[in-house]
There are 2 protein chains.
Amino acid sequence: MQTAITPMREAFVIKVAATSRTSSVAGAIAGVMRDRQHAEVQAIGASAINQTVEALILAKSYLEDDGMDIVFTPNFVDVGIDGKIRTAVKFTVDPR
Amino acid sequence: MQTAITPMREAFVIKVAATSRTSSVAGAIAGVMRDRQHAEVQAIGASAINQTVEALILAKSYLEDDGMDIVFTPNFVDVGIDGKIRTAVKFTVDPR
């Protein structure tokens with residue numbers, strides 16, 4: 001289980017790895033959206049970004065069942081990993 | 001130049017390949033959004049999806065300069081390529 005949910009600046013950032021299970025990530029996104037009506041999902045690299053997009057599609061279908069329609073805004077963010085700065089993509093999730 | 005803009009069901013679908021230039025795709029998205037206030041961007045495979053996400057971030061910054069804030073909705077779509085059905089991700093782009 002590579003999905004980690006960590007508190008950061010009062011928001012939960014869901015960090016997605018290339019090895020994350022899509023359904024686990026989607027469940028985490030849906031759960032955070034139900035609780036907070038806002039979520040942030042962060043991925044580094046093409047595989048992890050692909051996983052994140054698939055998880056967002058799945059989370060969207062979960063939340064549609066609850067009557068919530070969500071939209072996404074991607075942004076680049078610099079994150080420090082093992083003392084190095086890497087560029088991640090952070091997807092902000094909000095109700096439409 | 002791998003980016004193709006083709007008319008489909010009255011909407012323009014911007015098709016992104018792994019080899020597409022991010023800035024070309026971003027320019028196409030921004031142009032279609034300025035013209036139509038709606039765009040659809042389609043990609044198959046992790047590399048092309050990654051390219052698309054990066055192009056969406058860039059297009060977003062272009063359009064912010066015009067005072068337009070955009071959001072994205074990804075969906076799976078089945079597309080026929082060379083007689084085979086493949087699953088693509090289609091990103092719908094709309095003003096917030």
# chains A, B, ... in the order shown; residues from 1 in each chain; ligands from 1
$ closest_atom_pairs --of "chain A" --to "chain B" --cutoff "12 Å" --atoms "only C-alpha atoms" --output "Markdown table"
| residue | atom | partner | partner_atom | distance |
| --- | --- | --- | --- | --- |
| A:Ala18 | CA | B:Ala46 | CA | 10.4 |
| A:Ala43 | CA | B:Asn50 | CA | 10.6 |
| A:Ile44 | CA | B:Asn50 | CA | 10.1 |
| A:Gly45 | CA | B:Asn50 | CA | 7.9 |
| A:Ala46 | CA | B:Asn50 | CA | 5.1 |
| A:Ser47 | CA | B:Ala46 | CA | 5.9 |
| A:Ala48 | CA | B:Ala46 | CA | 8.7 |
| A:Ile49 | CA | B:Asn50 | CA | 6.1 |
| A:Asn50 | CA | B:Ala46 | CA | 5.1 |
| A:Gln51 | CA | B:Ala46 | CA | 8.2 |
| A:Thr52 | CA | B:Asn50 | CA | 10.2 |
| A:Val53 | CA | B:Pro74 | CA | 7.1 |
| A:Glu54 | CA | B:Pro74 | CA | 8.3 |
| A:Ala55 | CA | B:Pro74 | CA | 10.1 |
| A:Leu56 | CA | B:Pro74 | CA | 7.5 |
| A:Ile57 | CA | B:Asn75 | CA | 5.8 |
| A:Leu58 | CA | B:Asn75 | CA | 8.8 |
| A:Ala59 | CA | B:Pro74 | CA | 10.8 |
| A:Lys60 | CA | B:Thr73 | CA | 8.9 |
| A:Ser61 | CA | B:Asn75 | CA | 9.6 |
| A:Asp69 | CA | B:Thr73 | CA | 9.8 |
| A:Ile70 | CA | B:Thr73 | CA | 7.8 |
| A:Val71 | CA | B:Thr73 | CA | 5.5 |
| A:Phe72 | CA | B:Phe72 | CA | 5.1 |
| A:Thr73 | CA | B:Val71 | CA | 5.5 |
| A:Pro74 | CA | B:Ile57 | CA | 5.9 |
| A:Asn75 | CA | B:Ile57 | CA | 5.8 |
| A:Phe76 | CA | B:Ile57 | CA | 7.4 |
| A:Val77 | CA | B:Ile57 | CA | 11.1 |
| A:Thr87 | CA | B:Glu54 | CA | 11.3 |
| A:Ala88 | CA | B:Glu54 | CA | 10.5 |
| A:Val89 | CA | B:Glu54 | CA | 8.3 |
| A:Lys90 | CA | B:Ile57 | CA | 10.2 |
| A:Phe91 | CA | B:Val53 | CA | 9.7 |
| A:Thr92 | CA | B:Val71 | CA | 9.8 |
| A:Val93 | CA | B:Val71 | CA | 9.7 |
| A:Asp94 | CA | B:Val71 | CA | 9.6 |
| A:Pro95 | CA | B:Arg96 | CA | 10.5 |
| A:Arg96 | CA | B:Arg96 | CA | 7.8 |
$ calpha_fit_and_write --fixed "chain B" --moving "chain A" --output "PDB file with N, CA and C atoms, in the first residue's frame"
ATOM      1  N   MET A   1       5.448  17.373 -35.578  1.00  0.00           N
ATOM      2  CA  MET A   1       4.242  17.925 -34.929  1.00  0.00           C
ATOM      3  C   MET A   1       3.179  16.848 -34.873  1.00  0.00           C
ATOM      4  N   GLN A   2       2.999  16.228 -33.705  1.00  0.00           N
ATOM      5  CA  GLN A   2       2.098  15.088 -33.581  1.00  0.00           C
ATOM      6  C   GLN A   2       0.700  15.510 -33.137  1.00  0.00           C
ATOM      7  N   THR A   3       0.530  16.782 -32.820  1.00  0.00           N
ATOM      8  CA  THR A   3      -0.770  17.228 -32.325  1.00  0.00           C
ATOM      9  C   THR A   3      -1.743  17.354 -33.487  1.00  0.00           C
ATOM     10  N   ALA A   4      -2.868  16.691 -33.398  1.00  0.00           N
ATOM     11  CA  ALA A   4      -3.877  16.798 -34.450  1.00  0.00           C
ATOM     12  C   ALA A   4      -5.157  17.356 -33.852  1.00  0.00           C
ATOM     13  N   ILE A   5      -5.751  18.311 -34.535  1.00  0.00           N
ATOM     14  CA  ILE A   5      -7.054  18.816 -34.112  1.00  0.00           C
ATOM     15  C   ILE A   5      -8.058  18.376 -35.150  1.00  0.00           C
ATOM     16  N   THR A   6      -9.011  17.549 -34.730  1.00  0.00           N
ATOM     17  CA  THR A   6      -9.980  17.031 -35.676  1.00  0.00           C
ATOM     18  C   THR A   6     -11.391  17.304 -35.186  1.00  0.00           C
ATOM     19  N   PRO A   7     -12.280  17.692 -36.109  1.00  0.00           N
ATOM     20  CA  PRO A   7     -13.663  17.903 -35.698  1.00  0.00           C
ATOM     21  C   PRO A   7     -14.327  16.572 -35.404  1.00  0.00           C
ATOM     22  N   MET A   8     -15.112  16.493 -34.354  1.00  0.00           N
ATOM     23  CA  MET A   8     -15.819  15.253 -33.989  1.00  0.00           C
ATOM     24  C   MET A   8     -17.077  15.645 -33.248  1.00  0.00           C
ATOM     25  N   ARG A   9     -18.222  15.277 -33.774  1.00  0.00           N
ATOM     26  CA  ARG A   9     -19.508  15.580 -33.140  1.00  0.00           C
ATOM     27  C   ARG A   9     -19.592  17.036 -32.705  1.00  0.00           C
ATOM     28  N   GLU A  10     -19.207  17.925 -33.589  1.00  0.00           N
ATOM     29  CA  GLU A  10     -19.294  19.376 -33.359  1.00  0.00           C
ATOM     30  C   GLU A  10     -18.296  19.895 -32.329  1.00  0.00           C
ATOM     31  N   ALA A  11     -17.521  18.998 -31.666  1.00  0.00           N
ATOM     32  CA  ALA A  11     -16.487  19.455 -30.746  1.00  0.00           C
ATOM     33  C   ALA A  11     -15.125  19.183 -31.382  1.00  0.00           C
ATOM     34  N   PHE A  12     -14.135  19.991 -31.055  1.00  0.00           N
ATOM     35  CA  PHE A  12     -12.786  19.710 -31.498  1.00  0.00           C
ATOM     36  C   PHE A  12     -12.119  18.833 -30.456  1.00  0.00           C
ATOM     37  N   VAL A  13     -11.592  17.723 -30.888  1.00  0.00           N
ATOM     38  CA  VAL A  13     -10.847  16.863 -29.979  1.00  0.00           C
ATOM     39  C   VAL A  13      -9.361  17.018 -30.300  1.00  0.00           C
ATOM     40  N   ILE A  14      -8.610  17.476 -29.329  1.00  0.00           N
ATOM     41  CA  ILE A  14      -7.171  17.618 -29.473  1.00  0.00           C
ATOM     42  C   ILE A  14      -6.546  16.293 -29.052  1.00  0.00           C
ATOM     43  N   LYS A  15      -5.881  15.640 -29.978  1.00  0.00           N
ATOM     44  CA  LYS A  15      -5.305  14.323 -29.682  1.00  0.00           C
ATOM     45  C   LYS A  15      -3.827  14.477 -29.369  1.00  0.00           C
ATOM     46  N   VAL A  16      -3.439  13.977 -28.208  1.00  0.00           N
ATOM     47  CA  VAL A  16      -2.065  14.156 -27.735  1.00  0.00           C
ATOM     48  C   VAL A  16      -1.325  12.826 -27.802  1.00  0.00           C
ATOM     49  N   ALA A  17      -0.140  12.837 -28.383  1.00  0.00           N
ATOM     50  CA  ALA A  17       0.726  11.651 -28.403  1.00  0.00           C
ATOM     51  C   ALA A  17       1.873  11.862 -27.419  1.00  0.00           C
ATOM     52  N   ALA A  18       2.548  10.767 -27.084  1.00  0.00           N
ATOM     53  CA  ALA A  18       3.698  10.848 -26.171  1.00  0.00           C
ATOM     54  C   ALA A  18       4.766  11.790 -26.738  1.00  0.00           C
ATOM     55  N   THR A  19       4.809  11.896 -28.062  1.00  0.00           N
ATOM     56  CA  THR A  19       5.823  12.722 -28.722  1.00  0.00           C
ATOM     57  C   THR A  19       5.342  14.157 -28.991  1.00  0.00           C
ATOM     58  N   SER A  20       4.099  14.478 -28.603  1.00  0.00           N
ATOM     59  CA  SER A  20       3.597  15.834 -28.819  1.00  0.00           C
ATOM     60  C   SER A  20       4.413  16.831 -28.007  1.00  0.00           C
ATOM     61  N   ARG A  21       4.635  18.014 -28.578  1.00  0.00           N
ATOM     62  CA  ARG A  21       5.322  19.058 -27.816  1.00  0.00           C
ATOM     63  C   ARG A  21       4.320  19.697 -26.861  1.00  0.00           C
ATOM     64  N   THR A  22       4.695  19.785 -25.593  1.00  0.00           N
ATOM     65  CA  THR A  22       3.796  20.320 -24.563  1.00  0.00           C
ATOM     66  C   THR A  22       3.296  21.717 -24.931  1.00  0.00           C
ATOM     67  N   SER A  23       4.217  22.562 -25.412  1.00  0.00           N
ATOM     68  CA  SER A  23       3.823  23.940 -25.715  1.00  0.00           C
ATOM     69  C   SER A  23       2.843  23.996 -26.888  1.00  0.00           C
ATOM     70  N   SER A  24       3.009  23.096 -27.865  1.00  0.00           N
ATOM     71  CA  SER A  24       2.073  23.061 -28.999  1.00  0.00           C
ATOM     72  C   SER A  24       0.683  22.646 -28.545  1.00  0.00           C
ATOM     73  N   VAL A  25       0.648  21.620 -27.693  1.00  0.00           N
ATOM     74  CA  VAL A  25      -0.648  21.144 -27.185  1.00  0.00           C
ATOM     75  C   VAL A  25      -1.307  22.237 -26.345  1.00  0.00           C
ATOM     76  N   ALA A  26      -0.500  22.868 -25.480  1.00  0.00           N
ATOM     77  CA  ALA A  26      -1.038  23.934 -24.620  1.00  0.00           C
ATOM     78  C   ALA A  26      -1.590  25.080 -25.463  1.00  0.00           C
ATOM     79  N   GLY A  27      -0.878  25.438 -26.524  1.00  0.00           N
ATOM     80  CA  GLY A  27      -1.343  26.510 -27.414  1.00  0.00           C
ATOM     81  C   GLY A  27      -2.656  26.140 -28.085  1.00  0.00           C
ATOM     82  N   ALA A  28      -2.760  24.863 -28.497  1.00  0.00           N
ATOM     83  CA  ALA A  28      -3.997  24.398 -29.140  1.00  0.00           C
ATOM     84  C   ALA A  28      -5.166  24.451 -28.157  1.00  0.00           C
ATOM     85  N   ILE A  29      -4.922  24.000 -26.922  1.00  0.00           N
ATOM     86  CA  ILE A  29      -5.990  24.022 -25.910  1.00  0.00           C
ATOM     87  C   ILE A  29      -6.433  25.457 -25.642  1.00  0.00           C
ATOM     88  N   ALA A  30      -5.453  26.341 -25.456  1.00  0.00           N
ATOM     89  CA  ALA A  30      -5.781  27.748 -25.168  1.00  0.00           C
ATOM     90  C   ALA A  30      -6.551  28.368 -26.329  1.00  0.00           C
ATOM     91  N   GLY A  31      -6.137  28.046 -27.555  1.00  0.00           N
ATOM     92  CA  GLY A  31      -6.805  28.600 -28.735  1.00  0.00           C
ATOM     93  C   GLY A  31      -8.253  28.149 -28.836  1.00  0.00           C
ATOM     94  N   VAL A  32      -8.473  26.843 -28.636  1.00  0.00           N
ATOM     95  CA  VAL A  32      -9.836  26.307 -28.706  1.00  0.00           C
ATOM     96  C   VAL A  32     -10.692  26.894 -27.577  1.00  0.00           C
ATOM     97  N   MET A  33     -10.112  27.032 -26.391  1.00  0.00           N
ATOM     98  CA  MET A  33     -10.863  27.605 -25.260  1.00  0.00           C
ATOM     99  C   MET A  33     -11.259  29.058 -25.534  1.00  0.00           C
ATOM    100  N   ARG A  34     -10.336  29.823 -26.119  1.00  0.00           N
ATOM    101  CA  ARG A  34     -10.662  31.224 -26.435  1.00  0.00           C
ATOM    102  C   ARG A  34     -11.803  31.283 -27.447  1.00  0.00           C
ATOM    103  N   ASP A  35     -11.798  30.379 -28.440  1.00  0.00           N
ATOM    104  CA  ASP A  35     -12.802  30.380 -29.500  1.00  0.00           C
ATOM    105  C   ASP A  35     -14.149  29.852 -29.027  1.00  0.00           C
ATOM    106  N   ARG A  36     -14.115  28.773 -28.218  1.00  0.00           N
ATOM    107  CA  ARG A  36     -15.334  28.002 -27.971  1.00  0.00           C
ATOM    108  C   ARG A  36     -15.707  27.866 -26.504  1.00  0.00           C
ATOM    109  N   GLN A  37     -14.835  28.295 -25.593  1.00  0.00           N
ATOM    110  CA  GLN A  37     -15.081  28.150 -24.144  1.00  0.00           C
ATOM    111  C   GLN A  37     -15.319  26.691 -23.747  1.00  0.00           C
ATOM    112  N   HIS A  38     -14.781  25.772 -24.528  1.00  0.00           N
ATOM    113  CA  HIS A  38     -14.897  24.336 -24.227  1.00  0.00           C
ATOM    114  C   HIS A  38     -13.876  23.611 -25.096  1.00  0.00           C
ATOM    115  N   ALA A  39     -13.186  22.653 -24.508  1.00  0.00           N
ATOM    116  CA  ALA A  39     -12.232  21.870 -25.302  1.00  0.00           C
ATOM    117  C   ALA A  39     -12.198  20.437 -24.802  1.00  0.00           C
ATOM    118  N   GLU A  40     -11.817  19.528 -25.700  1.00  0.00           N
ATOM    119  CA  GLU A  40     -11.655  18.131 -25.321  1.00  0.00           C
ATOM    120  C   GLU A  40     -10.290  17.656 -25.792  1.00  0.00           C
ATOM    121  N   VAL A  41      -9.585  17.017 -24.874  1.00  0.00           N
ATOM    122  CA  VAL A  41      -8.211  16.601 -25.142  1.00  0.00           C
ATOM    123  C   VAL A  41      -8.110  15.111 -24.850  1.00  0.00           C
ATOM    124  N   GLN A  42      -7.598  14.358 -25.807  1.00  0.00           N
ATOM    125  CA  GLN A  42      -7.618  12.900 -25.690  1.00  0.00           C
ATOM    126  C   GLN A  42      -6.208  12.325 -25.739  1.00  0.00           C
ATOM    127  N   ALA A  43      -5.922  11.380 -24.861  1.00  0.00           N
ATOM    128  CA  ALA A  43      -4.586  10.772 -24.809  1.00  0.00           C
ATOM    129  C   ALA A  43      -4.712   9.287 -24.495  1.00  0.00           C
ATOM    130  N   ILE A  44      -3.787   8.505 -25.039  1.00  0.00           N
ATOM    131  CA  ILE A  44      -3.740   7.064 -24.763  1.00  0.00           C
ATOM    132  C   ILE A  44      -2.359   6.718 -24.221  1.00  0.00           C
ATOM    133  N   GLY A  45      -2.311   6.098 -23.059  1.00  0.00           N
ATOM    134  CA  GLY A  45      -1.032   5.662 -22.494  1.00  0.00           C
ATOM    135  C   GLY A  45      -0.455   6.666 -21.517  1.00  0.00           C
ATOM    136  N   ALA A  46       0.377   6.153 -20.598  1.00  0.00           N
ATOM    137  CA  ALA A  46       0.898   6.964 -19.497  1.00  0.00           C
ATOM    138  C   ALA A  46       1.694   8.183 -19.991  1.00  0.00           C
ATOM    139  N   SER A  47       2.516   8.003 -21.013  1.00  0.00           N
ATOM    140  CA  SER A  47       3.349   9.112 -21.487  1.00  0.00           C
ATOM    141  C   SER A  47       2.497  10.225 -22.083  1.00  0.00           C
ATOM    142  N   ALA A  48       1.523   9.844 -22.889  1.00  0.00           N
ATOM    143  CA  ALA A  48       0.656  10.842 -23.525  1.00  0.00           C
ATOM    144  C   ALA A  48      -0.231  11.530 -22.485  1.00  0.00           C
ATOM    145  N   ILE A  49      -0.671  10.771 -21.480  1.00  0.00           N
ATOM    146  CA  ILE A  49      -1.498  11.360 -20.421  1.00  0.00           C
ATOM    147  C   ILE A  49      -0.664  12.349 -19.608  1.00  0.00           C
ATOM    148  N   ASN A  50       0.579  11.989 -19.319  1.00  0.00           N
ATOM    149  CA  ASN A  50       1.495  12.894 -18.634  1.00  0.00           C
ATOM    150  C   ASN A  50       1.712  14.178 -19.446  1.00  0.00           C
ATOM    151  N   GLN A  51       1.928  14.024 -20.757  1.00  0.00           N
ATOM    152  CA  GLN A  51       2.088  15.184 -21.641  1.00  0.00           C
ATOM    153  C   GLN A  51       0.859  16.086 -21.579  1.00  0.00           C
ATOM    154  N   THR A  52      -0.312  15.444 -21.571  1.00  0.00           N
ATOM    155  CA  THR A  52      -1.570  16.190 -21.563  1.00  0.00           C
ATOM    156  C   THR A  52      -1.720  16.989 -20.280  1.00  0.00           C
ATOM    157  N   VAL A  53      -1.387  16.357 -19.133  1.00  0.00           N
ATOM    158  CA  VAL A  53      -1.502  17.063 -17.850  1.00  0.00           C
ATOM    159  C   VAL A  53      -0.565  18.279 -17.838  1.00  0.00           C
ATOM    160  N   GLU A  54       0.662  18.091 -18.323  1.00  0.00           N
ATOM    161  CA  GLU A  54       1.596  19.219 -18.370  1.00  0.00           C
ATOM    162  C   GLU A  54       1.077  20.324 -19.304  1.00  0.00           C
ATOM    163  N   ALA A  55       0.493  19.916 -20.436  1.00  0.00           N
ATOM    164  CA  ALA A  55      -0.059  20.900 -21.377  1.00  0.00           C
ATOM    165  C   ALA A  55      -1.252  21.641 -20.773  1.00  0.00           C
ATOM    166  N   LEU A  56      -2.057  20.932 -19.974  1.00  0.00           N
ATOM    167  CA  LEU A  56      -3.211  21.574 -19.327  1.00  0.00           C
ATOM    168  C   LEU A  56      -2.741  22.632 -18.330  1.00  0.00           C
ATOM    169  N   ILE A  57      -1.660  22.314 -17.589  1.00  0.00           N
ATOM    170  CA  ILE A  57      -1.120  23.286 -16.630  1.00  0.00           C
ATOM    171  C   ILE A  57      -0.632  24.535 -17.368  1.00  0.00           C
ATOM    172  N   LEU A  58       0.048  24.291 -18.500  1.00  0.00           N
ATOM    173  CA  LEU A  58       0.588  25.411 -19.285  1.00  0.00           C
ATOM    174  C   LEU A  58      -0.560  26.223 -19.916  1.00  0.00           C
ATOM    175  N   ALA A  59      -1.549  25.528 -20.463  1.00  0.00           N
ATOM    176  CA  ALA A  59      -2.706  26.212 -21.068  1.00  0.00           C
ATOM    177  C   ALA A  59      -3.439  27.046 -20.026  1.00  0.00           C
ATOM    178  N   LYS A  60      -3.526  26.501 -18.809  1.00  0.00           N
ATOM    179  CA  LYS A  60      -4.177  27.224 -17.717  1.00  0.00           C
ATOM    180  C   LYS A  60      -3.469  28.550 -17.466  1.00  0.00           C
ATOM    181  N   SER A  61      -2.134  28.524 -17.482  1.00  0.00           N
ATOM    182  CA  SER A  61      -1.386  29.775 -17.244  1.00  0.00           C
ATOM    183  C   SER A  61      -1.567  30.748 -18.412  1.00  0.00           C
ATOM    184  N   TYR A  62      -1.618  30.226 -19.652  1.00  0.00           N
ATOM    185  CA  TYR A  62      -1.872  31.105 -20.807  1.00  0.00           C
ATOM    186  C   TYR A  62      -3.217  31.808 -20.639  1.00  0.00           C
ATOM    187  N   LEU A  63      -4.246  31.038 -20.253  1.00  0.00           N
ATOM    188  CA  LEU A  63      -5.604  31.576 -20.209  1.00  0.00           C
ATOM    189  C   LEU A  63      -5.825  32.482 -18.999  1.00  0.00           C
ATOM    190  N   GLU A  64      -5.049  32.217 -17.918  1.00  0.00           N
ATOM    191  CA  GLU A  64      -5.117  33.128 -16.774  1.00  0.00           C
ATOM    192  C   GLU A  64      -4.708  34.543 -17.191  1.00  0.00           C
ATOM    193  N   ASP A  65      -3.754  34.616 -18.131  1.00  0.00           N
ATOM    194  CA  ASP A  65      -3.334  35.925 -18.638  1.00  0.00           C
ATOM    195  C   ASP A  65      -4.487  36.647 -19.336  1.00  0.00           C
ATOM    196  N   ASP A  66      -5.443  35.855 -19.856  1.00  0.00           N
ATOM    197  CA  ASP A  66      -6.632  36.427 -20.507  1.00  0.00           C
ATOM    198  C   ASP A  66      -7.795  36.569 -19.524  1.00  0.00           C
ATOM    199  N   GLY A  67      -7.549  36.229 -18.254  1.00  0.00           N
ATOM    200  CA  GLY A  67      -8.610  36.339 -17.255  1.00  0.00           C
ATOM    201  C   GLY A  67      -9.577  35.165 -17.247  1.00  0.00           C
ATOM    202  N   MET A  68      -9.188  34.055 -17.892  1.00  0.00           N
ATOM    203  CA  MET A  68     -10.061  32.875 -17.905  1.00  0.00           C
ATOM    204  C   MET A  68      -9.482  31.798 -16.976  1.00  0.00           C
ATOM    205  N   ASP A  69     -10.322  31.326 -16.036  1.00  0.00           N
ATOM    206  CA  ASP A  69      -9.910  30.255 -15.124  1.00  0.00           C
ATOM    207  C   ASP A  69     -10.574  28.962 -15.599  1.00  0.00           C
ATOM    208  N   ILE A  70      -9.759  27.917 -15.806  1.00  0.00           N
ATOM    209  CA  ILE A  70     -10.326  26.681 -16.361  1.00  0.00           C
ATOM    210  C   ILE A  70     -10.169  25.505 -15.399  1.00  0.00           C
ATOM    211  N   VAL A  71     -11.103  24.553 -15.523  1.00  0.00           N
ATOM    212  CA  VAL A  71     -11.050  23.309 -14.756  1.00  0.00           C
ATOM    213  C   VAL A  71     -11.195  22.123 -15.715  1.00  0.00           C
ATOM    214  N   PHE A  72     -10.810  20.942 -15.219  1.00  0.00           N
ATOM    215  CA  PHE A  72     -10.736  19.764 -16.071  1.00  0.00           C
ATOM    216  C   PHE A  72     -11.527  18.609 -15.495  1.00  0.00           C
ATOM    217  N   THR A  73     -12.112  17.825 -16.385  1.00  0.00           N
ATOM    218  CA  THR A  73     -12.801  16.605 -15.991  1.00  0.00           C
ATOM    219  C   THR A  73     -12.293  15.467 -16.863  1.00  0.00           C
ATOM    220  N   PRO A  74     -11.577  14.497 -16.285  1.00  0.00           N
ATOM    221  CA  PRO A  74     -11.138  13.351 -17.091  1.00  0.00           C
ATOM    222  C   PRO A  74     -12.189  12.251 -17.125  1.00  0.00           C
ATOM    223  N   ASN A  75     -12.261  11.555 -18.240  1.00  0.00           N
ATOM    224  CA  ASN A  75     -13.133  10.398 -18.380  1.00  0.00           C
ATOM    225  C   ASN A  75     -12.459   9.352 -19.257  1.00  0.00           C
ATOM    226  N   PHE A  76     -12.807   8.094 -19.059  1.00  0.00           N
ATOM    227  CA  PHE A  76     -12.358   7.062 -19.987  1.00  0.00           C
ATOM    228  C   PHE A  76     -13.276   7.041 -21.203  1.00  0.00           C
ATOM    229  N   VAL A  77     -12.689   6.879 -22.382  1.00  0.00           N
ATOM    230  CA  VAL A  77     -13.480   6.694 -23.604  1.00  0.00           C
ATOM    231  C   VAL A  77     -12.833   5.585 -24.431  1.00  0.00           C
ATOM    232  N   ASP A  78     -13.663   4.812 -25.096  1.00  0.00           N
ATOM    233  CA  ASP A  78     -13.143   3.781 -26.000  1.00  0.00           C
ATOM    234  C   ASP A  78     -12.993   4.378 -27.386  1.00  0.00           C
ATOM    235  N   VAL A  79     -11.829   4.201 -27.979  1.00  0.00           N
ATOM    236  CA  VAL A  79     -11.603   4.716 -29.332  1.00  0.00           C
ATOM    237  C   VAL A  79     -11.096   3.577 -30.211  1.00  0.00           C
ATOM    238  N   GLY A  80     -11.489   3.620 -31.473  1.00  0.00           N
ATOM    239  CA  GLY A  80     -11.028   2.618 -32.428  1.00  0.00           C
ATOM    240  C   GLY A  80      -9.772   3.105 -33.144  1.00  0.00           C
ATOM    241  N   ILE A  81      -8.703   2.333 -33.048  1.00  0.00           N
ATOM    242  CA  ILE A  81      -7.450   2.687 -33.725  1.00  0.00           C
ATOM    243  C   ILE A  81      -6.954   1.450 -34.468  1.00  0.00           C
ATOM    244  N   ASP A  82      -6.831   1.601 -35.790  1.00  0.00           N
ATOM    245  CA  ASP A  82      -6.368   0.486 -36.624  1.00  0.00           C
ATOM    246  C   ASP A  82      -7.224  -0.768 -36.401  1.00  0.00           C
ATOM    247  N   GLY A  83      -8.527  -0.553 -36.263  1.00  0.00           N
ATOM    248  CA  GLY A  83      -9.429  -1.693 -36.128  1.00  0.00           C
ATOM    249  C   GLY A  83      -9.504  -2.289 -34.735  1.00  0.00           C
ATOM    250  N   LYS A  84      -8.724  -1.731 -33.771  1.00  0.00           N
ATOM    251  CA  LYS A  84      -8.787  -2.239 -32.404  1.00  0.00           C
ATOM    252  C   LYS A  84      -9.402  -1.190 -31.484  1.00  0.00           C
ATOM    253  N   ILE A  85     -10.073  -1.637 -30.445  1.00  0.00           N
ATOM    254  CA  ILE A  85     -10.642  -0.729 -29.458  1.00  0.00           C
ATOM    255  C   ILE A  85      -9.605  -0.483 -28.367  1.00  0.00           C
ATOM    256  N   ARG A  86      -9.270   0.766 -28.119  1.00  0.00           N
ATOM    257  CA  ARG A  86      -8.357   1.085 -27.015  1.00  0.00           C
ATOM    258  C   ARG A  86      -9.039   2.071 -26.070  1.00  0.00           C
ATOM    259  N   THR A  87      -8.617   2.046 -24.814  1.00  0.00           N
ATOM    260  CA  THR A  87      -9.180   2.965 -23.831  1.00  0.00           C
ATOM    261  C   THR A  87      -8.306   4.207 -23.749  1.00  0.00           C
ATOM    262  N   ALA A  88      -8.911   5.337 -24.041  1.00  0.00           N
ATOM    263  CA  ALA A  88      -8.214   6.618 -23.946  1.00  0.00           C
ATOM    264  C   ALA A  88      -8.750   7.387 -22.749  1.00  0.00           C
ATOM    265  N   VAL A  89      -7.986   8.386 -22.313  1.00  0.00           N
ATOM    266  CA  VAL A  89      -8.508   9.338 -21.337  1.00  0.00           C
ATOM    267  C   VAL A  89      -8.847  10.626 -22.083  1.00  0.00           C
ATOM    268  N   LYS A  90     -10.092  11.073 -21.920  1.00  0.00           N
ATOM    269  CA  LYS A  90     -10.505  12.336 -22.529  1.00  0.00           C
ATOM    270  C   LYS A  90     -10.679  13.367 -21.419  1.00  0.00           C
ATOM    271  N   PHE A  91      -9.928  14.462 -21.508  1.00  0.00           N
ATOM    272  CA  PHE A  91     -10.043  15.567 -20.558  1.00  0.00           C
ATOM    273  C   PHE A  91     -10.974  16.618 -21.152  1.00  0.00           C
ATOM    274  N   THR A  92     -12.059  16.878 -20.461  1.00  0.00           N
ATOM    275  CA  THR A  92     -12.953  17.967 -20.855  1.00  0.00           C
ATOM    276  C   THR A  92     -12.506  19.232 -20.129  1.00  0.00           C
ATOM    277  N   VAL A  93     -12.361  20.304 -20.878  1.00  0.00           N
ATOM    278  CA  VAL A  93     -11.896  21.577 -20.316  1.00  0.00           C
ATOM    279  C   VAL A  93     -13.032  22.592 -20.371  1.00  0.00           C
ATOM    280  N   ASP A  94     -13.332  23.201 -19.230  1.00  0.00           N
ATOM    281  CA  ASP A  94     -14.411  24.190 -19.148  1.00  0.00           C
ATOM    282  C   ASP A  94     -13.964  25.372 -18.295  1.00  0.00           C
ATOM    283  N   PRO A  95     -14.593  26.536 -18.473  1.00  0.00           N
ATOM    284  CA  PRO A  95     -14.342  27.643 -17.547  1.00  0.00           C
ATOM    285  C   PRO A  95     -14.837  27.258 -16.155  1.00  0.00           C
ATOM    286  N   ARG A  96     -14.162  27.751 -15.102  1.00  0.00           N
ATOM    287  CA  ARG A  96     -14.619  27.446 -13.751  1.00  0.00           C
ATOM    288  C   ARG A  96     -15.938  28.140 -13.502  1.00  0.00           C
TER     289      ARG A  96
END
